[in-house]
Structure formats: C-alpha cells, structure tokens
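Peer 1: First the structure, which I've put down as structure tokens, then a few questions once you've had a look.
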Amino acid sequence: MGYSFYEIYITALRAFSGMGFPHGADEDAAYIISWLELNNLHGINKLTNSIALLDNQYNGISNIKETDEKIDLNHKSILMKGPSIIDYFESLLLNQDKVVFTLNNCPDPFLLLPLLYKASSRILFSQLIYYSENKIYIHQVMKNKTLIGKKNKKKYLKENQAEIILSNKKNISLIKNVEKQITDQSIQKKLALALKPNRKDWNKVSEIANRTFVPKSEESRNRGAGGGDDND
C-alpha cells in the first residue's frame, strides 16, 4: 500500500508529538523524515532506528557561543538539535560570507540534509561531510540541486563527527563522483507518486502516532473530546 507525502508527514508529526516533542519542534522533525522518505532515502526507517534516542527524551536546547566552531551534541539526535543549530549559523552569514563548524558526538549527521535543502532558498551553497562505517560521505546543496556522494580522501573526521560549510560564495568545487542527485523537478515528480515505506517500520511509527488519540471514555468526554451529540 502506498501513501502520499502528506500522509507520511502527518503520521511522522503525530509520532513526534507522541514522543514528547513540543509544537514547532515536531513539525521540523516531521519535515526531515518526510523529505527523506520522499526522496527514497528511507526516512521512516531512520525514524524507527532513532526511537530509543527520542522517546520522551526531547532536548532541543543548543548552548552555542558566538566563537564556537565545534559543538558537542552529546549523542543527541539532529531531529532535536539540528534546526536551532542551522538557524544559528545561518544568522552569522548576515555579516560574513562563509561559516564552517563541526558537530561532535552526532549520531545521525545525515539528517541534516533536509534542513540544508530547506535553507537553500537563502544560502547559496552548503556542504555536509561526515565519517560513518569506514567511509566519508559528502553532500552538497545549492538552490536547485542536491548532490550526494562519497569523498575519496584520507579520513580526517572521526565516527559521529560532521563538518558543515555554509557559504554565500560559488567558488567551492563540486562533488566529482555523484551517486544521487535531487532537484526541484525530481521532487515535484515524486510528490505525485505513492510512497511505500517499509511495512514493519510504518506500523511502528503509526503505533507511536496513535498515542496522540484521546481514549474514548467518560473522562475524555468531560474534557471536551468528541462532538457531544447523540451520535458521537
């Protein structure tokens, strides 16, 4: 069975709400997951694999000082910390052309990609490099194009470490060996298609999303649940 992008987003949104994400933060996290699922990057699977890090453990505070170039996430998920970090460093581009920073103890750096895409309407160029499973991955995002590949270079990052560049300049070399390319056109085409997340993963996310339903009981009715008429 397939689902629309909207169904994926709403179910993810409810799941994050069910895990204790506050309003606004649940929307950011649901956007990340649904964008990945839309682009065949297994967003729902990544969400189910992150439940242990997320469920009733929300902490979106990022205490960043103006001079910080390295940020310790203390193994907290990008789904909680990512939006505020990108917003902060994007704000620095108002007074400089380029920002470079490193995230340490970052368990899921790949989840930054949708946030960089979302910011690409304002940032000319961004780059994400991280080391995972003995490989260095590199992603580059421009206004109408997202490139995904691997970096054939000696390792200089540690496991769970990511380097991010935000720039308003064009003079950064692009990936030579592109494994996947995402464009605005490819996204528009996918929006018209049914998305088919892994059934086991989808059932798990749906189960958590169902926490947001108000149980049918006399107590829930007294609190205002239901329409209140004789057919409710």
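Chain labels follow the order of the structure tokens: the first chain is A, the next B, and so on; residue numbering restarts at 1 in every chain, and ligands are counted from 1 in their shown order.
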Quick one: everything within 9 Å of stretch 90-101 of chain A, counting only C-alpha atoms, minus sequence neighbours fewer than 4 positions away in the same chain. Send it as a PyMOL selection string.
Peer 2: chain A and resi 66+68-71+85-86+119+122-123+162-169
Peer 1: Using only C-alpha atoms, determine which residues lie at most 10 Å from A:Gln185, disregarding the query and same-chain residues fewer than 3 positions distant; provide the list as number ranges by chain.
Peer 2: A: 144-145, 182, 188-190
Peer 1: Would you mind reading off the distance between atom CA of A:Leu79 and atom CA of A:Trp202, one decimal, in Å?
Peer 2: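 For atom CA of A:Leu79 relative to atom CA of A:Trp202, the distance reads 18.0 Å.
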Peer 1: Quick one: residues within 7 Å of A:Val178, only C-alpha atoms counted, chain neighbours fewer than 4 positions away excluded, as a list of chain:residue names?
Peer 2: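 Those residues are A:Leu147, A:Ile148, A:Gly149.
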Peer 1: Could you give me the residues within chain A that DSSP places in alpha helix (DSSP H), as a PyMOL selection string?
Peer 2: chain A and resi 5-18+25-38+43-54+78-92+112-119+184-191+199-209+218-222
Peer 1: Quick one: residues within 10 Å of A:Gly20, only C-alpha atoms counted, chain neighbours fewer than 5 positions away excluded, as a PDB file with N, CA, C and O atoms, in the first residue's frame?
Peer 2:
ATOM      1  N   ARG A  14       2.564  13.313  14.163  1.00  0.00           N
ATOM      2  CA  ARG A  14       1.875  12.763  15.322  1.00  0.00           C
ATOM      3  C   ARG A  14       2.790  11.870  16.149  1.00  0.00           C
ATOM      4  O   ARG A  14       2.709  11.851  17.387  1.00  0.00           O
ATOM      5  N   ALA A  15       3.682  11.146  15.480  1.00  0.00           N
ATOM      6  CA  ALA A  15       4.621  10.285  16.200  1.00  0.00           C
ATOM      7  C   ALA A  15       5.564  11.121  17.062  1.00  0.00           C
ATOM      8  O   ALA A  15       5.817  10.779  18.227  1.00  0.00           O
ATOM      9  N   ALA A  25       8.829  22.007  17.138  1.00  0.00           N
ATOM     10  CA  ALA A  25       9.904  21.018  17.023  1.00  0.00           C
ATOM     11  C   ALA A  25       9.391  19.747  16.353  1.00  0.00           C
ATOM     12  O   ALA A  25      10.115  19.105  15.581  1.00  0.00           O
ATOM     13  N   ASP A  26       8.128  19.382  16.632  1.00  0.00           N
ATOM     14  CA  ASP A  26       7.558  18.202  15.973  1.00  0.00           C
ATOM     15  C   ASP A  26       7.415  18.437  14.472  1.00  0.00           C
ATOM     16  O   ASP A  26       7.614  17.520  13.662  1.00  0.00           O
ATOM     17  N   LEU A  54      14.911   9.181  21.118  1.00  0.00           N
ATOM     18  CA  LEU A  54      13.927  10.254  21.038  1.00  0.00           C
ATOM     19  C   LEU A  54      12.787  10.157  22.039  1.00  0.00           C
ATOM     20  O   LEU A  54      12.311  11.183  22.537  1.00  0.00           O
ATOM     21  N   ASP A  55      12.333   8.951  22.318  1.00  0.00           N
ATOM     22  CA  ASP A  55      11.064   8.772  23.017  1.00  0.00           C
ATOM     23  C   ASP A  55      11.115   9.349  24.434  1.00  0.00           C
ATOM     24  O   ASP A  55      11.841   8.856  25.300  1.00  0.00           O
ATOM     25  N   ASN A  56      10.344  10.412  24.650  1.00  0.00           N
ATOM     26  CA  ASN A  56      10.280  11.105  25.938  1.00  0.00           C
ATOM     27  C   ASN A  56      11.653  11.582  26.417  1.00  0.00           C
ATOM     28  O   ASN A  56      11.916  11.638  27.624  1.00  0.00           O
ATOM     29  N   GLN A  57      12.515  11.939  25.468  1.00  0.00           N
ATOM     30  CA  GLN A  57      13.846  12.436  25.802  1.00  0.00           C
ATOM     31  C   GLN A  57      14.145  13.752  25.091  1.00  0.00           C
ATOM     32  O   GLN A  57      15.303  14.091  24.873  1.00  0.00           O
ATOM     33  N   TYR A  58      13.103  14.497  24.744  1.00  0.00           N
ATOM     34  CA  TYR A  58      13.336  15.707  23.957  1.00  0.00           C
ATOM     35  C   TYR A  58      14.201  16.726  24.710  1.00  0.00           C
ATOM     36  O   TYR A  58      13.945  17.046  25.869  1.00  0.00           O
ATOM     37  N   ASN A  59      15.204  17.232  23.989  1.00  0.00           N
ATOM     38  CA  ASN A  59      16.057  18.309  24.486  1.00  0.00           C
ATOM     39  C   ASN A  59      16.581  19.060  23.274  1.00  0.00           C
ATOM     40  O   ASN A  59      17.538  18.646  22.644  1.00  0.00           O
TER      41      ASN A  59
END
Peer 1: Could you write out, as a ChimeraX atom specification, all the residues of stretch 20-218 of chain A that DSSP marks as strand (DSSP E or B)?
Peer 2: /A:70-72,98-104,125-132,135-142,145-150,159,162-167,178-183,195
Peer 1: Can you spit out the residues from that selection as a PDB file, in the first residue's frame, using C-alpha atoms?
Peer 2:
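Written file, again-v1.pdb:
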ATOM      1  CA  LYS A  70      32.905  22.837  17.447  1.00  0.00           C
ATOM      2  CA  ILE A  71      29.661  21.753  19.095  1.00  0.00           C
ATOM      3  CA  ASP A  72      29.252  18.656  21.239  1.00  0.00           C
ATOM      4  CA  LYS A  98      31.260  31.694   4.881  1.00  0.00           C
ATOM      5  CA  VAL A  99      30.733  29.696   8.065  1.00  0.00           C
ATOM      6  CA  VAL A 100      32.445  26.407   8.934  1.00  0.00           C
ATOM      7  CA  PHE A 101      31.621  24.380  12.030  1.00  0.00           C
ATOM      8  CA  THR A 102      31.960  20.837  13.355  1.00  0.00           C
ATOM      9  CA  LEU A 103      29.494  18.668  15.233  1.00  0.00           C
ATOM     10  CA  ASN A 104      30.952  16.134  17.651  1.00  0.00           C
ATOM     11  CA  PHE A 125      25.876  26.778  -1.038  1.00  0.00           C
ATOM     12  CA  SER A 126      26.139  24.306   1.835  1.00  0.00           C
ATOM     13  CA  GLN A 127      28.211  21.191   2.344  1.00  0.00           C
ATOM     14  CA  LEU A 128      27.924  18.320   4.801  1.00  0.00           C
ATOM     15  CA  ILE A 129      30.804  15.882   5.302  1.00  0.00           C
ATOM     16  CA  TYR A 130      30.738  13.074   7.853  1.00  0.00           C
ATOM     17  CA  TYR A 131      32.504   9.810   8.617  1.00  0.00           C
ATOM     18  CA  SER A 132      30.467   6.658   9.138  1.00  0.00           C
ATOM     19  CA  LYS A 135      33.554   5.847   4.744  1.00  0.00           C
ATOM     20  CA  ILE A 136      33.498   9.594   4.309  1.00  0.00           C
ATOM     21  CA  TYR A 137      30.224  10.887   2.899  1.00  0.00           C
ATOM     22  CA  ILE A 138      29.813  14.269   1.273  1.00  0.00           C
ATOM     23  CA  HIS A 139      26.598  16.123   0.427  1.00  0.00           C
ATOM     24  CA  GLN A 140      26.332  19.490  -1.282  1.00  0.00           C
ATOM     25  CA  VAL A 141      23.215  21.613  -1.515  1.00  0.00           C
ATOM     26  CA  MET A 142      22.517  24.532  -3.840  1.00  0.00           C
ATOM     27  CA  LYS A 145      20.259  20.869  -6.734  1.00  0.00           C
ATOM     28  CA  THR A 146      21.349  18.453  -4.016  1.00  0.00           C
ATOM     29  CA  LEU A 147      24.327  16.162  -4.656  1.00  0.00           C
ATOM     30  CA  ILE A 148      25.121  13.032  -2.653  1.00  0.00           C
ATOM     31  CA  GLY A 149      28.384  11.127  -2.911  1.00  0.00           C
ATOM     32  CA  LYS A 150      31.429   9.740  -1.130  1.00  0.00           C
ATOM     33  CA  GLU A 159      32.974   8.484  13.863  1.00  0.00           C
ATOM     34  CA  ALA A 162      30.401  16.068  10.911  1.00  0.00           C
ATOM     35  CA  GLU A 163      31.767  19.183   9.235  1.00  0.00           C
ATOM     36  CA  ILE A 164      29.303  21.705   7.811  1.00  0.00           C
ATOM     37  CA  ILE A 165      30.028  24.630   5.496  1.00  0.00           C
ATOM     38  CA  LEU A 166      27.505  27.379   4.792  1.00  0.00           C
ATOM     39  CA  SER A 167      28.562  29.877   2.150  1.00  0.00           C
ATOM     40  CA  VAL A 178      27.909  11.912  -7.648  1.00  0.00           C
ATOM     41  CA  GLU A 179      25.878   8.880  -6.506  1.00  0.00           C
ATOM     42  CA  LYS A 180      22.500  10.618  -6.268  1.00  0.00           C
ATOM     43  CA  GLN A 181      21.134  13.963  -7.397  1.00  0.00           C
ATOM     44  CA  ILE A 182      17.961  15.609  -6.125  1.00  0.00           C
ATOM     45  CA  THR A 183      16.455  18.579  -7.921  1.00  0.00           C
ATOM     46  CA  LEU A 195       5.377   6.454  -1.198  1.00  0.00           C
TER      47      LEU A 195
END
Peer 1: Figure out the distance between atom CA of A:Asn134 and atom CA of A:Leu73, please, to one decimal in Å.
Peer 2: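 Between atom CA of A:Leu73 and atom CA of A:Asn134 the gap is 21.0 Å.
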Peer 1: What lies within 12 Å of A:Lys46 using only C-alpha atoms, ignoring chain neighbours under 2 positions off, as a PyMOL selection string?
Peer 2: chain A and resi 12+29-30+32-37+40-44+48-54+77-79+107-111+197-198+201-202+204-205
Peer 1: So that I have them on file, write out the residues from the current selection with C-alpha atoms, as a JSON list (two decimals), in the first residue's frame.
Peer 2:
[["chain", "number", "residue", "atom", "x", "y", "z"],
["A", 12, "ALA", "CA", 5.50, 11.43, 11.47],
["A", 29, "ALA", "CA", 11.39, 16.73, 12.77],
["A", 30, "ALA", "CA", 8.45, 15.52, 10.66],
["A", 32, "ILE", "CA", 13.15, 15.92, 7.98],
["A", 33, "ILE", "CA", 11.68, 12.41, 7.97],
["A", 34, "SER", "CA", 9.09, 13.00, 5.24],
["A", 35, "TRP", "CA", 11.63, 14.78, 2.96],
["A", 36, "LEU", "CA", 13.96, 11.79, 3.24],
["A", 37, "GLU", "CA", 11.13, 9.35, 2.55],
["A", 40, "ASN", "CA", 13.94, 7.45, -1.43],
["A", 41, "LEU", "CA", 16.32, 7.99, 1.48],
["A", 42, "HIS", "CA", 14.43, 5.78, 3.97],
["A", 43, "GLY", "CA", 13.13, 8.44, 6.32],
["A", 44, "ILE", "CA", 10.63, 6.21, 8.13],
["A", 48, "THR", "CA", 12.27, 3.82, 13.78],
["A", 49, "ASN", "CA", 16.02, 3.34, 14.29],
["A", 50, "SER", "CA", 16.12, 6.57, 16.33],
["A", 51, "ILE", "CA", 13.18, 5.90, 18.67],
["A", 52, "ALA", "CA", 15.44, 4.91, 21.58],
["A", 53, "LEU", "CA", 17.18, 8.31, 21.32],
["A", 54, "LEU", "CA", 13.93, 10.25, 21.04],
["A", 77, "SER", "CA", 19.69, 13.45, 17.64],
["A", 78, "ILE", "CA", 19.70, 16.01, 14.83],
["A", 79, "LEU", "CA", 15.91, 15.62, 14.96],
["A", 107, "PRO", "CA", 24.73, 10.10, 15.99],
["A", 108, "ASP", "CA", 22.80, 10.94, 12.80],
["A", 109, "PRO", "CA", 24.54, 13.67, 10.73],
["A", 110, "PHE", "CA", 22.77, 12.53, 7.54],
["A", 111, "LEU", "CA", 19.54, 14.00, 8.94],
["A", 197, "PRO", "CA", 7.87, 2.85, 3.40],
["A", 198, "ASN", "CA", 8.87, -0.49, 4.85],
["A", 201, "ASP", "CA", 8.76, 0.48, 10.11],
["A", 202, "TRP", "CA", 5.49, 2.15, 9.11],
["A", 204, "LYS", "CA", 5.90, 1.04, 14.40],
["A", 205, "VAL", "CA", 5.68, 4.76, 13.60]]
Peer 1: For a test of reading the model, state the distance in Å between atom CA of A:Phe213 and atom CA of A:His23, rounded to one decimal.
Peer 2: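 Straight-line distance from atom CA of A:Phe213 to atom CA of A:His23 works out to 16.2 Å.
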Peer 1: Counting only C-alpha atoms, figure out which residue out of A:Cys106, A:Ile8, A:Leu115, A:Ile61 gets nearest to A:Asp28.
Peer 2: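 Answer, going by the shortest atom-to-atom distance: A:Leu115.
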Peer 1: Which residue out of A:Tyr117, A:Met80, A:Ala209, A:Gly18 has the minimum interatomic distance to A:Ile187 when only C-alpha atoms are used?
Peer 2: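 Looking only at the distances to A:Ile187, the closest residue turns out to be A:Tyr117.
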